[in-house]
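A.B. asks: Let me give you the structure first, and then I'll get to my questions.
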Amino acid sequence: RFRDVRVYPTVDSTNGEAKRLAAQDRTWEGLVLSEEQTAGKGRRGRAWLSGQGEGIYMSFLLRPAILPQKAAMLTLVAGLAAARAIDSLGIGVGIKWPNDLVADGKKLCGILTEMTAEPDYVDLVVVGIGINCNQKAFPPDLGEKATSLALLGGADVDRNALAARVVEEFEPLYMEFQERGDLGFLLEEYNVRCVNNGARVQVLGEQTPLLGRGAGVDKDGSLLVDTDDGKRIAVQAGEVSVRGL
Ligand code: BTN
């Protein structure tokens with residue numbers, strides 16, 4: 001059933017559509033793709049630019065056999081899968097913890113993970129992936145912050161082939177994650193790609209912003225930070241936001 005793939009010409013949000021399909025059939029798992037989104041969602045209530053044919057808009061609807069507190073780790077799994085897929089085009093990308101893919105210091109891909117769960121089991125997890133592919137320009141407010149594969153590589157990319165590659169990379173990582181129950185098996189690769197490691201970071205969302213240096217991601221998906229006052233802390237995805245300095 002995981003192989004069930006639904007492709008739409010247009011949809012409000014592939015995350016939203018995936019959740020509707022899951023509500024109609026409580027056992028459904030699959031993948032939703034759309035050529036455009038009329039109400040693409042980013043994290044923190046932001047909109048995600050989703051023009052026709054410009055990006056990849058895809059959402060996995062998963063029913064993983066994991067505890068709810070582990071669901072956030074799936075965003076890191078998906079980020080690594082997307083990074084590998086983009087690498088296959090010869091375009092190098094870094095991961096800004098927990099799950100933005102960046103190149104040239106600009107954002108290329110974002111991931112929005114949503115979950116419904118009971119205290120002791122997960123009902124469903126939606127992992128939505130947006131990859132900027134063939135945009136030649138961005139609105140002024142995003143211009144400095146966003147980039148696309150076409151801007152980076154100088155040519156349009158085949159979105160179908162790239163989306164298929166993301167699926168190919170994601171499936172085995174997802175299976176292994178479910179078996180092992182943590183991210184230990186992919187950490188080495190993740191940490192090489194993680195642009196926060198060794199870099200100055202500001203941790204927001206604590207009472208006072210913390211300053212320090214990224215010191216690697218651990219098997220639970222937390223970012224370790226060596227703070228300027230000499231402590232090593234682990235910050236959890238979803239609880240804080242990290243800004244490069
Ligand atoms: C972010 O803010 O970085 C997350 C962006 C996530 C965008 C993707 S596009 C496919 C899926 N559907 C949505 O509405 N959002 C995600």
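For the structure tokens, the naming scheme is as follows: chains receive sequential letters (A, B, ...) according to their order of presentation, residues are indexed from 1 within each chain, and ligands are indexed from 1 in presentation order.
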Write out as a PyMOL selection string the residues lying within 6 Å of Ala146 (chain A), counting only C-alpha atoms and excluding same-chain residues fewer than 2 positions away.
C.D. replies: chain A and resi 106-107+142-143
A.B. asks: For the selection just defined, write its residues with N, CA, C and O atoms to a file, as a JSON list (two decimals), in the first residue's frame.
C.D. replies:
```
[["chain", "number", "residue", "atom", "x", "y", "z"],
["A", 106, "LYS", "N", 21.55, 29.57, 0.73],
["A", 106, "LYS", "CA", 20.12, 29.83, 0.52],
["A", 106, "LYS", "C", 19.33, 28.53, 0.59],
["A", 106, "LYS", "O", 19.86, 27.45, 0.34],
["A", 107, "LYS", "N", 18.04, 28.67, 0.86],
["A", 107, "LYS", "CA", 17.21, 27.48, 1.05],
["A", 107, "LYS", "C", 16.71, 26.92, -0.28],
["A", 107, "LYS", "O", 16.18, 27.64, -1.12],
["A", 142, "LEU", "N", 11.86, 36.95, -0.71],
["A", 142, "LEU", "CA", 12.54, 35.65, -0.59],
["A", 142, "LEU", "C", 13.88, 35.62, -1.32],
["A", 142, "LEU", "O", 14.71, 34.75, -1.08],
["A", 143, "GLY", "N", 14.04, 36.58, -2.24],
["A", 143, "GLY", "CA", 15.16, 36.56, -3.18],
["A", 143, "GLY", "C", 16.50, 36.23, -2.56],
["A", 143, "GLY", "O", 17.28, 35.45, -3.10]]
```
A.B. asks: Can you list, as a PyMOL selection string, every protein, DNA or RNA residue that comes within 12 Å of Ala237 (chain A) when you count only C-alpha atoms, leaving out same-chain residues fewer than 2 positions away?
C.D. replies: chain A and resi 69-76+96-100+113+203-205+217-218+220-224+234-235+239-242
A.B. asks: Which chains and residue numbers are within 9 Å of ligand 1, counting only C-alpha atoms and all ligand atoms, if I want them as a count of residues only?
C.D. replies: 43
A.B. asks: Nearest to Ile233 (chain A) among A:Cys133, A:Gly214, A:Gly90, A:Val102, with distances taken over only C-alpha atoms: which residue is it?
C.D. replies: A:Gly214
A.B. asks: Applying 10 Å and only C-alpha atoms, which residues near Gln178 (chain A) remain after dropping the ones on its own chain fewer than 3 positions away? List them as a ChimeraX atom specification.
C.D. replies: /A:64-66,70,74,172-175,181-183
A.B. asks: Using the selection just defined, write its residues with N, CA, C and O atoms as a PDB file, in the first residue's frame.
C.D. replies:
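File out.pdb, as written:
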```pdb
ATOM      1  N   PRO A  64       4.023   4.719  10.859  1.00  0.00           N
ATOM      2  CA  PRO A  64       5.183   4.001  11.374  1.00  0.00           C
ATOM      3  C   PRO A  64       4.924   3.382  12.740  1.00  0.00           C
ATOM      4  O   PRO A  64       4.176   3.926  13.552  1.00  0.00           O
ATOM      5  N   ALA A  65       5.564   2.230  12.949  1.00  0.00           N
ATOM      6  CA  ALA A  65       5.456   1.548  14.247  1.00  0.00           C
ATOM      7  C   ALA A  65       6.519   2.122  15.173  1.00  0.00           C
ATOM      8  O   ALA A  65       7.529   1.479  15.463  1.00  0.00           O
ATOM      9  N   ILE A  66       6.302   3.346  15.608  1.00  0.00           N
ATOM     10  CA  ILE A  66       7.260   4.015  16.502  1.00  0.00           C
ATOM     11  C   ILE A  66       6.481   4.779  17.568  1.00  0.00           C
ATOM     12  O   ILE A  66       5.280   4.999  17.428  1.00  0.00           O
ATOM     13  N   LYS A  70       9.223   9.868  18.735  1.00  0.00           N
ATOM     14  CA  LYS A  70      10.249   9.608  17.727  1.00  0.00           C
ATOM     15  C   LYS A  70       9.874  10.120  16.341  1.00  0.00           C
ATOM     16  O   LYS A  70      10.693  10.088  15.411  1.00  0.00           O
ATOM     17  N   LEU A  74      11.717  11.523  11.743  1.00  0.00           N
ATOM     18  CA  LEU A  74      11.441  11.239  10.334  1.00  0.00           C
ATOM     19  C   LEU A  74      11.769  12.416   9.429  1.00  0.00           C
ATOM     20  O   LEU A  74      12.069  12.241   8.249  1.00  0.00           O
ATOM     21  N   PRO A 172      14.314   2.838   1.803  1.00  0.00           N
ATOM     22  CA  PRO A 172      15.198   2.013   2.637  1.00  0.00           C
ATOM     23  C   PRO A 172      15.600   2.699   3.942  1.00  0.00           C
ATOM     24  O   PRO A 172      15.736   2.031   4.979  1.00  0.00           O
ATOM     25  N   LEU A 173      15.780   4.005   3.921  1.00  0.00           N
ATOM     26  CA  LEU A 173      16.119   4.727   5.155  1.00  0.00           C
ATOM     27  C   LEU A 173      14.964   4.633   6.147  1.00  0.00           C
ATOM     28  O   LEU A 173      15.159   4.434   7.355  1.00  0.00           O
ATOM     29  N   TYR A 174      13.757   4.764   5.632  1.00  0.00           N
ATOM     30  CA  TYR A 174      12.559   4.691   6.484  1.00  0.00           C
ATOM     31  C   TYR A 174      12.415   3.309   7.111  1.00  0.00           C
ATOM     32  O   TYR A 174      12.128   3.172   8.307  1.00  0.00           O
ATOM     33  N   MET A 175      12.640   2.256   6.299  1.00  0.00           N
ATOM     34  CA  MET A 175      12.543   0.895   6.820  1.00  0.00           C
ATOM     35  C   MET A 175      13.570   0.675   7.933  1.00  0.00           C
ATOM     36  O   MET A 175      13.264   0.128   8.989  1.00  0.00           O
ATOM     37  N   GLY A 181      14.855   2.176  15.402  1.00  0.00           N
ATOM     38  CA  GLY A 181      14.235   3.027  16.395  1.00  0.00           C
ATOM     39  C   GLY A 181      15.005   4.290  16.747  1.00  0.00           C
ATOM     40  O   GLY A 181      14.581   5.063  17.597  1.00  0.00           O
ATOM     41  N   ASP A 182      16.143   4.478  16.110  1.00  0.00           N
ATOM     42  CA  ASP A 182      16.819   5.773  16.261  1.00  0.00           C
ATOM     43  C   ASP A 182      17.645   6.057  15.009  1.00  0.00           C
ATOM     44  O   ASP A 182      17.631   5.282  14.049  1.00  0.00           O
ATOM     45  N   LEU A 183      18.368   7.185  15.043  1.00  0.00           N
ATOM     46  CA  LEU A 183      19.047   7.648  13.824  1.00  0.00           C
ATOM     47  C   LEU A 183      20.518   7.259  13.769  1.00  0.00           C
ATOM     48  O   LEU A 183      21.238   7.686  12.859  1.00  0.00           O
TER      49      LEU A 183
END
```
A.B. asks: Could you find all residues in region 21-230 of chain A that DSSP calls strand (DSSP E) from the backbone, and write them as a PyMOL selection string?
C.D. replies: chain A and resi 30-34+55-62+94-96+100-103+106-117+122-132+200-204+210-217+223-227
A.B. asks: I'd like the interatomic distance between CA of Asp228 (chain A) and CA of Thr208 (chain A), to a tenth of an Å.
C.D. replies: 13.2 Å
A.B. asks: Determine, counting only C-alpha atoms, which protein, DNA and RNA residues have an atom within 7 Å of an atom of region 153-170 of chain A; residues of the same chain fewer than 5 positions away are not included. Present the result as a PyMOL selection string.
C.D. replies: chain A and resi 56+78+81-82+85+91+133-134
A.B. asks: Do you know which residues are at most 12 Å from Arg200 (chain A) counting only C-alpha atoms, after dropping those on the same chain fewer than 5 positions away, and could you put them as an NGL selection string?
C.D. replies: :A and (195 or 210-215 or 225-228 or 242-245)
A.B. asks: Using DSSP assignments from the backbone, pull out every residue in region 18-82 of chain A that falls under helix (DSSP H, G or I) and give it to me as number ranges by chain.
C.D. replies: A: 18-24, 43-45, 68-70, 73-82
A.B. asks: When you count only C-alpha atoms, which of these residues is closest to Leu80 (chain A): A:Arg20, A:Arg193, A:Arg180, A:Arg6?
C.D. replies: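 Smallest distance to Leu80 (chain A) is found for A:Arg193.
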A.B. asks: With only C-alpha atoms as the counted atoms, please give the residues lying no more than 12 Å from Asp25 (chain A), apart from itself and same-chain residues fewer than 5 positions off, as a list in words.
C.D. replies: Arg1, Ala18, Lys19, Arg20, Gly30, Leu61 and Leu124 of chain A
A.B. asks: Those residues with all heavy atoms, as an mmCIF file, in the first residue's frame please?
C.D. replies:
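Output file again-v5.cif is given in full below:
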```
data_model
loop_
_atom_site.group_PDB
_atom_site.id
_atom_site.type_symbol
_atom_site.label_atom_id
_atom_site.label_comp_id
_atom_site.auth_asym_id
_atom_site.auth_seq_id
_atom_site.Cartn_x
_atom_site.Cartn_y
_atom_site.Cartn_z
ATOM 1 N N ARG A 1 0.830 -1.210 0.000
ATOM 2 C CA ARG A 1 0.000 0.000 0.000
ATOM 3 C C ARG A 1 0.860 1.254 0.000
ATOM 4 O O ARG A 1 0.441 2.293 -0.480
ATOM 5 C CB ARG A 1 -0.890 0.016 1.246
ATOM 6 C CG ARG A 1 -1.801 -1.181 1.332
ATOM 7 C CD ARG A 1 -2.761 -1.017 2.486
ATOM 8 N NE ARG A 1 -3.765 -0.010 2.216
ATOM 9 C CZ ARG A 1 -4.941 -0.277 1.701
ATOM 10 N NH1 ARG A 1 -5.279 -1.482 1.397
ATOM 11 N NH2 ARG A 1 -5.802 0.677 1.496
ATOM 12 N N ALA A 18 -3.063 14.387 1.655
ATOM 13 C CA ALA A 18 -2.642 13.105 2.227
ATOM 14 C C ALA A 18 -3.450 12.802 3.491
ATOM 15 O O ALA A 18 -3.893 11.672 3.704
ATOM 16 C CB ALA A 18 -1.144 13.140 2.546
ATOM 17 N N LYS A 19 -3.681 13.819 4.305
ATOM 18 C CA LYS A 19 -4.447 13.600 5.540
ATOM 19 C C LYS A 19 -5.913 13.280 5.232
ATOM 20 O O LYS A 19 -6.527 12.464 5.917
ATOM 21 C CB LYS A 19 -4.343 14.827 6.452
ATOM 22 C CG LYS A 19 -2.986 14.897 7.161
ATOM 23 C CD LYS A 19 -2.944 16.006 8.190
ATOM 24 C CE LYS A 19 -2.660 17.340 7.527
ATOM 25 N NZ LYS A 19 -2.536 18.440 8.506
ATOM 26 N N ARG A 20 -6.457 13.896 4.186
ATOM 27 C CA ARG A 20 -7.843 13.568 3.801
ATOM 28 C C ARG A 20 -7.942 12.120 3.346
ATOM 29 O O ARG A 20 -8.876 11.400 3.705
ATOM 30 C CB ARG A 20 -8.326 14.522 2.705
ATOM 31 C CG ARG A 20 -8.677 15.929 3.217
ATOM 32 C CD ARG A 20 -9.377 16.763 2.158
ATOM 33 N NE ARG A 20 -8.490 17.147 1.068
ATOM 34 C CZ ARG A 20 -7.725 18.245 1.057
ATOM 35 N NH1 ARG A 20 -7.733 19.073 2.089
ATOM 36 N NH2 ARG A 20 -6.960 18.521 0.024
ATOM 37 N N GLY A 30 0.726 6.097 1.657
ATOM 38 C CA GLY A 30 1.064 6.354 0.263
ATOM 39 C C GLY A 30 1.735 7.684 0.087
ATOM 40 O O GLY A 30 2.213 8.304 1.053
ATOM 41 N N LEU A 61 2.453 9.758 3.349
ATOM 42 C CA LEU A 61 1.577 9.479 4.481
ATOM 43 C C LEU A 61 2.024 8.132 5.046
ATOM 44 O O LEU A 61 1.923 7.105 4.373
ATOM 45 C CB LEU A 61 0.108 9.429 4.015
ATOM 46 C CG LEU A 61 -1.010 9.385 5.068
ATOM 47 C CD1 LEU A 61 -0.946 8.166 5.965
ATOM 48 C CD2 LEU A 61 -1.051 10.644 5.901
ATOM 49 N N LEU A 124 -0.765 8.582 12.445
ATOM 50 C CA LEU A 124 -0.145 8.838 11.147
ATOM 51 C C LEU A 124 0.876 9.964 11.233
ATOM 52 O O LEU A 124 0.815 10.815 12.116
ATOM 53 C CB LEU A 124 -1.208 9.182 10.091
ATOM 54 C CG LEU A 124 -2.078 10.416 10.309
ATOM 55 C CD1 LEU A 124 -1.409 11.693 9.832
ATOM 56 C CD2 LEU A 124 -3.397 10.243 9.572
#
```
A.B. asks: In Å, how far is it from CA of Leu108 (chain A) to CA of Val93 (chain A)?
C.D. replies: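 Going from CA of Leu108 (chain A) over to CA of Val93 (chain A) covers 8.4 Å.
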A.B. asks: Find the distance between CA of Leu89 (chain A) and CA of Glu189 (chain A) and write it in Å to one decimal.
C.D. replies: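 Atom-to-atom, CA of Leu89 (chain A) to CA of Glu189 (chain A), that is 18.1 Å.
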A.B. asks: Would you please work out which residue, of A:Met115, A:Val77, A:Cys194, A:Ala150, is nearest to Ala137 (chain A) when using only C-alpha atoms?
C.D. replies: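 For Ala137 (chain A), the nearest of the given residues is A:Ala150.
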